[in-house]
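The next block holds one structure in the form of structure tokens; read it before the comments.
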Amino acid sequence: MYSKVYSAALLGINMEMVAVETDVSDGLPSFEMVGLLNSEVKEARERVRSAIKNTGYLLPPKRITVNLSPADIRKEGSSFDLPIAVSILSSLGLIYHRNVSDEKIMIAGELSLSGKILPMNGVLPMVIAAREKGIRTFIVPMENAKEGAVIKDVNIYGMTTLRDVISFLNGTEYESEPYVDFSNMYKDMENIDKEQLDFADISGQEAVKRAAKIAVAGMHHMLLIGTPGSGKSMIAKRIPGILPKPNMEECMEITKIHSIAGQLKGSNIKLNRPFRAPHHSVTDKALIGGGSNPRPGEITLAHRGVLFLDELAEFKRETIDALRQPLETGEVIINRLNGSYVFPAGIMLVAATNPCKCGYYPDRNRCSCSEIQVKNYLGKISGPILDRIDICVNTPPVMVEDIGKKSSESSEDIRKEIENVRRIQEERFKGEPYRFNSQITPSKLEEYCMLSKEAKSIIDKAYKSLGLSVRVYHKMMRVARTIADLDGEVYVEAKHIAEAIGYRTEIF
Amino acid sequence: MNYQENKYWLWLSYLPYMWYDKANKYMSVFNNPEEIYKSDEETLKKTGIFTEEEIYNILSSKKIINIEEKWNEMNKKGIKFVTIHDGEYPDRLRIYDDKPLWLFYKGHLPESDEKLVGMVGARNCSQYGKSMAEDIAGKLALYSVNVVSGMARGIDVACHRGALNGKGKTYAILGCGVDICYPRENINAYMDIISNGGVISEYPPGCQPISWQFPYRNRIISMFSDAVAVIEAKKKSGTLITTDYALKYGKEIFAVPGRVSDILSEGCNELIKSGAYILTEAEDMLFATGVYFDDKKKKKRKNKKILLEKENEVVYSCLDLLPQSINEIVEKTGIESSEVYRILMNLVLDGIVVEPARNHYARKI
């Protein structure tokens with residue numbers, strides 16, 4: 001007998017429908033599985049056999065063939081256990097076939113040998129993709145039911161054992177997971193916010209806080225140079241809190257990515273911007289994404305949030321260089337034989353480094369690095385990545401008087417100011433393909449960054465005497481534009497451009 | 001620069017481990033290197049001053065070292081060679097027992113009546129030391145006092161730079177062959193020194209910078225100088241070797257004072273404690289070089305006070321020779337940070353303030 005149920009396979013961050021077909025026929029007893037399966041999917045055979053047995057059914061000594069189609073997509077992950085089990089049981093006549101085969105129900109989940117259903121990754125993108133194809137009913141592990149329930153007009157059934165699934169499919173009534181109104185949760189976000197880290201906790205460091213504000217306002221990537229313990233990481237960790245609140249689509253995007261990576265950890269939806277801080281020993285595949293069946297890397301997990309690279313000089317050069325293209329385009333493209341995968345990578349990069357090996361330059365009482373050592377240390381940061389960083393600022397050691405002093409500006413205040421600047425930018429770039437000051441193309445710089453006479457003379461003088469490149473010149477114009485926006489000025493004044501020059505990334 | 005006269009000297013300089021005291025020892029027995037070159041093993045042994053290894057080196061070097069080739073190569077590189085028998089050999093060195101018996105140089109040697117000051121200091125120096133070194137060396141040039149130093153990183157090269165900027169002459173005594181620029185990043189200074197003074201060494205061309213050679217190079221710096229100034233030095237510093245030699249040769253020693261808490265000034269403060277002159281401006285050193293002190297010149301330069309607009313003055317007055325972070329400056333002046341950036345940037349572009357490290361600013365003297 002033949003049966004067919006539907007499940008889904010992960011392709012990058014998208015889901016593809018997969019039909020799980022089973023045929024039980026006479027012949028030598030066997031259990032074959034075909035359809036370009038990864039080893040964890042092949043192992044499903046043993047789990048399914050035991051789960052069915054322990055649920056109280058007997059697999060007859062017949063020739064069982066399972067096919068996962070389309071056969072040219074590589075199937076990965078453990079979420080095929082449940083659909084395979086259901087498909088077999090259905091072809092044996094233990095489940096009403098018409099209840100599962102008419103493209104109206106999707107099944108996914110991992111089985112344990114006892115017949116218990118275990119949680120899986122990627123429920124949210126699966127539900128989103130299948131809903132577009134007209135599927136309205138989903139059987140998923142209990143732990144993942146909440147995650148899927150944020151989608152409107154679908155019935156999500158969270159199941160704990162294979163036995164539940166069988167009786168459900170045979171007509172027993174079950175309660176579907178109640179719809180979680182996402183927009184209500186979104187409105188409740190104020191409460192969540194209060195638990196976040198606040199800029200007001202940072203003593204002193206006013207100049208750095210201002211630089212962070214400017215960087216976030218114009219979405220400029222940022223580099224912090226400073227002595228150990230001066231608060232580089234503290235500041236970086238607070239940057240997601242001053243980014244404008246994510247809107248609903250952004251929350252959905254963030255949640256989708258985290259769902260695939262298995263990073264949701266209990267919560268059903270992500271309402272905060274992510275903050276990712278990979279250790280400097282990270283490989284380029286872990287950072288960018290990759291693998292034979294590509295999986296998202298740290299940069300994709302930081303999408304719509306902050307990627308923080310602490311000890312930038314200690315990262316492998318190739319790893320950092322791999323960031324170049326994603327930083328430019330806002331997405332990672334990974335090409336494989338069976339197609340190319342696009343992962344979103346719209347991040348704000350925040351990097352931090354010590355000024356030298358010992359970390360105390362230019363305090364000569366503590367630093368005994370020679371000038372050449374200092375240069376070599378910072379020279380390890382590759383030029384192309386510095387080119388993409390607009391703002392570079394020093395975090396000096398905190399002065400004794402400042403310790404314990406509360407800052408006047410809280411994250412809330414800063415964010416309000418930033419949201420203002422974002423609105424100005426939205427207005428300005430209405431007809432453009434980009435949204436932020438940091439993305440203004442050189443040809444449009446003249447139009448958007450109108451310099452006052454004094455400002456022009458300062459930047460020209462600096463260009464000559466500091467030996468800057470045209471690229472740096474443009475970067476300064478963009479940063480100055482953001483600073484002027486913060487002041488609410490239409491023209492870029494001398495003090496704006498001077499401050500932008502102070503943030504230049506040409507370290508030495 | 002006569003090949004026939006100098007070839008045996010050149011040969012001697014190329015012998016392995018030819019320390020100056022070894023050369024002096026050889027010369028106490030032989031009248032000139034030619035005699036050593038032409039002696040056979042028996043004669044060398046009879047003198048009793050050579051070790052087995054030295055005799056082996058002397059004998060084998062005749063085959064290994066092609067003197068003519070070395071001589072031609074030297075000429076090609078524009079390197080000149082003097083020995084104590086030459087008239088061009090600096091007279092000021094002749095009086096010392098441990099003088100180098102020969103010198104290689106590029107550029108030219110100091111005249112016998114030239115006023116010279118040796119300036120030395122730490123390699124890993126502070127911005128304060130660097131500014132002081134550049135300033136003092138530059139001001140000395142006003143009085144036609146030239147600077148001798150070692151072209152090392154940090155203070156040394158700042159002294160050379162200062163002298164060159166002040167349109168004075170400057171001489172670098174190297175611890176390696178004069179055809180080698182060590183450290184490499186000083187290549188611009190090296191080229192400028194050759195055209196406005198000279199680089200001098202007792203080590204033959206091609207001789208690599210090896211650490212034991214540098215203390216001996218310090219002795220030559222002291223020998224050339226009429227007075228020795230230490231700009232910045234830690235408590236245990238190679239710089240103090242130079243001052244030891246200077247004491248031995250009876251030169252005046254000057255030290256730039258620093259804060260008690262600064263490690264890089266400990267050596268200088270220690271020197272002052274034990275009787276060195278305090279050096280706060282170039283004029284302090286003039287008496288030791290025998291230059292007539294022209295008060296008018298000093299006054300003229302003092303009058304060049306920097307006139308600034310009011311707000312610029314506020315920021316400028318907060319700065320000193322130690323680099324301060326923008327945070328500190330903002331706190332001290334009470335001016336808004338973007339305004340402080342504007343003022344500082346103007347001051348940097350005017351050349352009266354420097355930014356030695358990111359967002360740290362210091363005065364330039």
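Every chain in the structure tokens has a letter given in the order shown (A, B, ...), and although residue numbers restart at 1 in each chain, ligands are simply numbered from 1 in the order shown.
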
Hey, list the chain A side of the contact with chain B: 10 Å cut-off, only C-alpha atoms, answer as a PyMOL selection string. chain A and resi 204-208+210+225-226+355+361-372+392-399+455+458-459+461-462+464-466+483+493-508

Near Tyr203 of chain B, within 10 Å and counting only C-alpha atoms, which residues show up once chain neighbours fewer than 3 positions away are dropped, as a PyMOL selection string? chain B and resi 13-14+17-20+100+102-105+174-178+200+206-209+213+217

Residues from last step as file, N, CA and C atoms, as a tab-separated table (two decimals), in the first residue's frame:
chain	number	residue	atom	x	y	z
B	13	SER	N	90.18	45.97	9.60
B	13	SER	CA	88.83	46.28	10.08
B	13	SER	C	87.86	45.15	9.77
B	14	TYR	N	88.19	44.38	8.74
B	14	TYR	CA	87.28	43.30	8.36
B	14	TYR	C	87.55	42.01	9.11
B	17	TYR	N	85.38	39.92	14.79
B	17	TYR	CA	85.40	40.43	16.18
B	17	TYR	C	86.51	41.45	16.40
B	18	MET	N	86.63	42.39	15.50
B	18	MET	CA	87.73	43.35	15.61
B	18	MET	C	87.29	44.49	16.52
B	19	TRP	N	87.25	44.21	17.82
B	19	TRP	CA	86.88	45.24	18.77
B	19	TRP	C	87.98	46.28	18.81
B	20	TYR	N	87.59	47.46	19.26
B	20	TYR	CA	88.58	48.54	19.24
B	20	TYR	C	89.77	48.22	20.15
B	100	PRO	N	88.60	55.04	18.29
B	100	PRO	CA	88.59	54.09	17.18
B	100	PRO	C	89.78	54.38	16.27
B	102	TRP	N	90.03	53.64	13.17
B	102	TRP	CA	89.54	54.01	11.82
B	102	TRP	C	88.06	54.32	11.90
B	103	LEU	N	87.63	55.05	10.93
B	103	LEU	CA	86.19	55.37	10.87
B	103	LEU	C	85.71	55.22	9.43
B	104	PHE	N	84.52	54.67	9.28
B	104	PHE	CA	83.84	54.68	7.99
B	104	PHE	C	82.76	55.75	8.09
B	105	TYR	N	82.52	56.46	7.02
B	105	TYR	CA	81.43	57.42	7.08
B	105	TYR	C	80.82	57.69	5.72
B	174	LEU	N	76.66	55.01	14.17
B	174	LEU	CA	75.89	53.77	14.08
B	174	LEU	C	76.62	52.62	14.77
B	175	GLY	N	75.83	51.62	15.15
B	175	GLY	CA	76.39	50.41	15.74
B	175	GLY	C	76.49	49.30	14.72
B	176	CYS	N	76.40	49.66	13.44
B	176	CYS	CA	76.53	48.67	12.36
B	176	CYS	C	77.26	49.37	11.22
B	177	GLY	N	77.39	48.68	10.09
B	177	GLY	CA	78.03	49.32	8.95
B	177	GLY	C	77.26	50.54	8.50
B	178	VAL	N	77.96	51.54	7.93
B	178	VAL	CA	77.25	52.78	7.57
B	178	VAL	C	76.35	52.59	6.36
B	200	ILE	N	78.37	57.84	10.76
B	200	ILE	CA	79.74	57.46	11.06
B	200	ILE	C	79.72	56.13	11.80
B	206	GLY	N	78.58	46.59	5.68
B	206	GLY	CA	78.02	45.25	5.66
B	206	GLY	C	77.94	44.62	7.03
B	207	CYS	N	78.54	45.26	8.04
B	207	CYS	CA	78.52	44.70	9.39
B	207	CYS	C	77.10	44.84	9.96
B	208	GLN	N	76.53	43.75	10.39
B	208	GLN	CA	75.14	43.75	10.86
B	208	GLN	C	75.04	44.37	12.27
B	209	PRO	N	73.89	44.94	12.60
B	209	PRO	CA	73.73	45.49	13.95
B	209	PRO	C	73.63	44.38	14.99
B	213	GLN	N	77.68	45.66	19.97
B	213	GLN	CA	78.37	46.78	19.32
B	213	GLN	C	77.84	48.13	19.77
B	217	ARG	N	79.46	52.00	20.47
B	217	ARG	CA	79.10	53.13	19.63
B	217	ARG	C	78.79	54.34	20.52

Restricting the calculation to only C-alpha atoms: of A:Ile88, A:Ser281, A:Pro296, A:His220, which residue gets closest to Ile13 of chain A?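 Among the listed residues, the smallest separation from Ile13 of chain A belongs to A:Pro296.
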
Hey, what's within 9 Å of Thr289 of chain B if we count only C-alpha atoms and toss same-chain stuff fewer than 6 positions away? As a ChimeraX atom specification, please? /B:115-117,145,225-227

Residues within 12 Å of segment 59-69 of chain B, only C-alpha atoms, excluding chain neighbours under 3 positions, as JSON, numbers by chain: {"B": [2, 3, 4, 6, 7, 8, 9, 10, 11, 12, 13, 14, 15, 16, 34, 36, 37, 38, 39, 40, 41, 42, 43, 44, 45, 50, 52, 53, 54, 55, 56, 72, 73, 74, 75, 76]}

Per DSSP on the backbone, what are the strand (DSSP E) residues of segment 160-231 of chain B, as a list in words? Thr170, Tyr171, Ala172, Ile173, Gly197, Gly198, Val199, Ile200, Ser201, Ala227, Val228, Ala229 and Val230 of chain B

May I have the residues within 8 Å of segment 26-41 of chain A as a ChimeraX atom specification, using only C-alpha atoms and disregarding those fewer than 6 positions away in the same chain? /A:61-78,80-81

Store the residues of this selection in a file with N, CA and C atoms, as a PDB file, in the first residue's frame.
ATOM      1  N   PRO A  61       6.719  -8.034   8.723  1.00  0.00           N
ATOM      2  CA  PRO A  61       7.905  -8.396   7.938  1.00  0.00           C
ATOM      3  C   PRO A  61       7.641  -8.244   6.438  1.00  0.00           C
ATOM      4  N   LYS A  62       7.635  -7.020   5.971  1.00  0.00           N
ATOM      5  CA  LYS A  62       7.369  -6.741   4.555  1.00  0.00           C
ATOM      6  C   LYS A  62       8.446  -5.819   4.024  1.00  0.00           C
ATOM      7  N   ARG A  63       8.353  -5.600   2.744  1.00  0.00           N
ATOM      8  CA  ARG A  63       9.328  -4.712   2.106  1.00  0.00           C
ATOM      9  C   ARG A  63       8.800  -3.273   2.190  1.00  0.00           C
ATOM     10  N   ILE A  64       9.469  -2.451   3.039  1.00  0.00           N
ATOM     11  CA  ILE A  64       9.026  -1.073   3.259  1.00  0.00           C
ATOM     12  C   ILE A  64       9.994  -0.135   2.537  1.00  0.00           C
ATOM     13  N   THR A  65       9.476   0.715   1.652  1.00  0.00           N
ATOM     14  CA  THR A  65      10.337   1.682   0.957  1.00  0.00           C
ATOM     15  C   THR A  65       9.829   3.089   1.262  1.00  0.00           C
ATOM     16  N   VAL A  66      10.762   3.939   1.749  1.00  0.00           N
ATOM     17  CA  VAL A  66      10.402   5.323   2.038  1.00  0.00           C
ATOM     18  C   VAL A  66      11.154   6.219   1.076  1.00  0.00           C
ATOM     19  N   ASN A  67      10.444   7.156   0.468  1.00  0.00           N
ATOM     20  CA  ASN A  67      11.104   8.103  -0.446  1.00  0.00           C
ATOM     21  C   ASN A  67      10.768   9.514  -0.020  1.00  0.00           C
ATOM     22  N   LEU A  68      11.811  10.368   0.027  1.00  0.00           N
ATOM     23  CA  LEU A  68      11.588  11.781   0.333  1.00  0.00           C
ATOM     24  C   LEU A  68      11.779  12.556  -0.956  1.00  0.00           C
ATOM     25  N   SER A  69      10.705  13.157  -1.471  1.00  0.00           N
ATOM     26  CA  SER A  69      10.843  13.830  -2.755  1.00  0.00           C
ATOM     27  C   SER A  69      10.511  15.316  -2.589  1.00  0.00           C
ATOM     28  N   PRO A  70      11.016  16.238  -3.385  1.00  0.00           N
ATOM     29  CA  PRO A  70      11.848  15.965  -4.557  1.00  0.00           C
ATOM     30  C   PRO A  70      13.215  15.375  -4.179  1.00  0.00           C
ATOM     31  N   ALA A  71      13.677  14.474  -5.012  1.00  0.00           N
ATOM     32  CA  ALA A  71      14.855  13.698  -4.652  1.00  0.00           C
ATOM     33  C   ALA A  71      16.166  14.464  -4.843  1.00  0.00           C
ATOM     34  N   ASP A  72      16.102  15.655  -5.451  1.00  0.00           N
ATOM     35  CA  ASP A  72      17.366  16.350  -5.696  1.00  0.00           C
ATOM     36  C   ASP A  72      17.706  17.388  -4.624  1.00  0.00           C
ATOM     37  N   ILE A  73      16.874  17.495  -3.600  1.00  0.00           N
ATOM     38  CA  ILE A  73      17.215  18.403  -2.491  1.00  0.00           C
ATOM     39  C   ILE A  73      17.828  17.574  -1.375  1.00  0.00           C
ATOM     40  N   ARG A  74      18.945  18.048  -0.840  1.00  0.00           N
ATOM     41  CA  ARG A  74      19.578  17.311   0.246  1.00  0.00           C
ATOM     42  C   ARG A  74      18.762  17.502   1.523  1.00  0.00           C
ATOM     43  N   LYS A  75      18.410  16.397   2.174  1.00  0.00           N
ATOM     44  CA  LYS A  75      17.616  16.484   3.402  1.00  0.00           C
ATOM     45  C   LYS A  75      18.523  16.355   4.603  1.00  0.00           C
ATOM     46  N   GLU A  76      18.340  17.282   5.514  1.00  0.00           N
ATOM     47  CA  GLU A  76      19.194  17.332   6.699  1.00  0.00           C
ATOM     48  C   GLU A  76      18.333  17.415   7.938  1.00  0.00           C
ATOM     49  N   GLY A  77      18.890  17.079   9.067  1.00  0.00           N
ATOM     50  CA  GLY A  77      18.204  17.310  10.334  1.00  0.00           C
ATOM     51  C   GLY A  77      17.347  16.127  10.753  1.00  0.00           C
ATOM     52  N   SER A  78      16.844  16.225  11.995  1.00  0.00           N
ATOM     53  CA  SER A  78      16.142  15.084  12.570  1.00  0.00           C
ATOM     54  C   SER A  78      14.629  15.235  12.511  1.00  0.00           C
ATOM     55  N   PHE A  80      12.555  14.772  10.249  1.00  0.00           N
ATOM     56  CA  PHE A  80      11.811  13.877   9.352  1.00  0.00           C
ATOM     57  C   PHE A  80      11.332  12.609  10.052  1.00  0.00           C
ATOM     58  N   ASP A  81      11.781  12.392  11.297  1.00  0.00           N
ATOM     59  CA  ASP A  81      11.408  11.161  12.009  1.00  0.00           C
ATOM     60  C   ASP A  81       9.893  10.978  12.066  1.00  0.00           C
TER      61      ASP A  81
END

Report, in Å with one decimal, the straight-line distance from atom CA of Val256 of chain B to atom CA of Cys268 of chain B.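 Between these atoms lies a distance of 6.2 Å.
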
As a PyMOL selection string, please: the residues near Val140 of chain A (cut-off 12 Å, only C-alpha atoms, same-chain neighbours under 2 positions excluded). chain A and resi 7-8+79-83+105-111+117-124+126-127+137-138+142-149+155-162+164-165+176-177

With DSSP run on the backbone, what are the alpha helix (DSSP H) residues within segment 64-221 of chain A? I'd like them as JSON, numbers by chain. {"A": [81, 82, 83, 84, 85, 86, 87, 88, 89, 90, 91, 97, 98, 99, 100, 123, 124, 125, 126, 127, 128, 129, 130, 131, 132, 145, 146, 147, 148, 162, 163, 164, 165, 166, 167, 168, 169, 182, 183, 184, 185, 186, 187, 189, 190, 191, 192, 193, 194, 206, 207, 208, 209, 210, 211, 212, 213, 214, 215, 216, 217, 218]}

Need the shell around Ala229 of chain B: protein/DNA/RNA residues with any atom at most 7 Å away, counting only C-alpha atoms. Skip same-chain ones fewer than 2 positions apart. Format as a list in words? Gly118, Met119, Val120, Ala227, Ile231, Ile253, Phe254 and Ala255 of chain B

The selected residues should be written to file as a PDB file, in the first residue's frame (atoms: C-alpha atoms).
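Saved the output as result.pdb:
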ATOM      1  CA  GLY B 118      75.594  64.565  22.086  1.00  0.00           C
ATOM      2  CA  MET B 119      71.895  63.943  22.661  1.00  0.00           C
ATOM      3  CA  VAL B 120      70.644  60.552  23.712  1.00  0.00           C
ATOM      4  CA  ALA B 227      78.552  68.067  26.167  1.00  0.00           C
ATOM      5  CA  ILE B 231      66.451  63.620  27.304  1.00  0.00           C
ATOM      6  CA  ILE B 253      76.352  66.106  31.415  1.00  0.00           C
ATOM      7  CA  PHE B 254      72.873  67.577  31.102  1.00  0.00           C
ATOM      8  CA  ALA B 255      69.574  65.938  31.861  1.00  0.00           C
TER       9      ALA B 255
END

Pick the closest to Met185 of chain A from A:Arg481, A:Lys285, A:His280, A:Lys270: which is it, counting only C-alpha atoms? A:Lys270
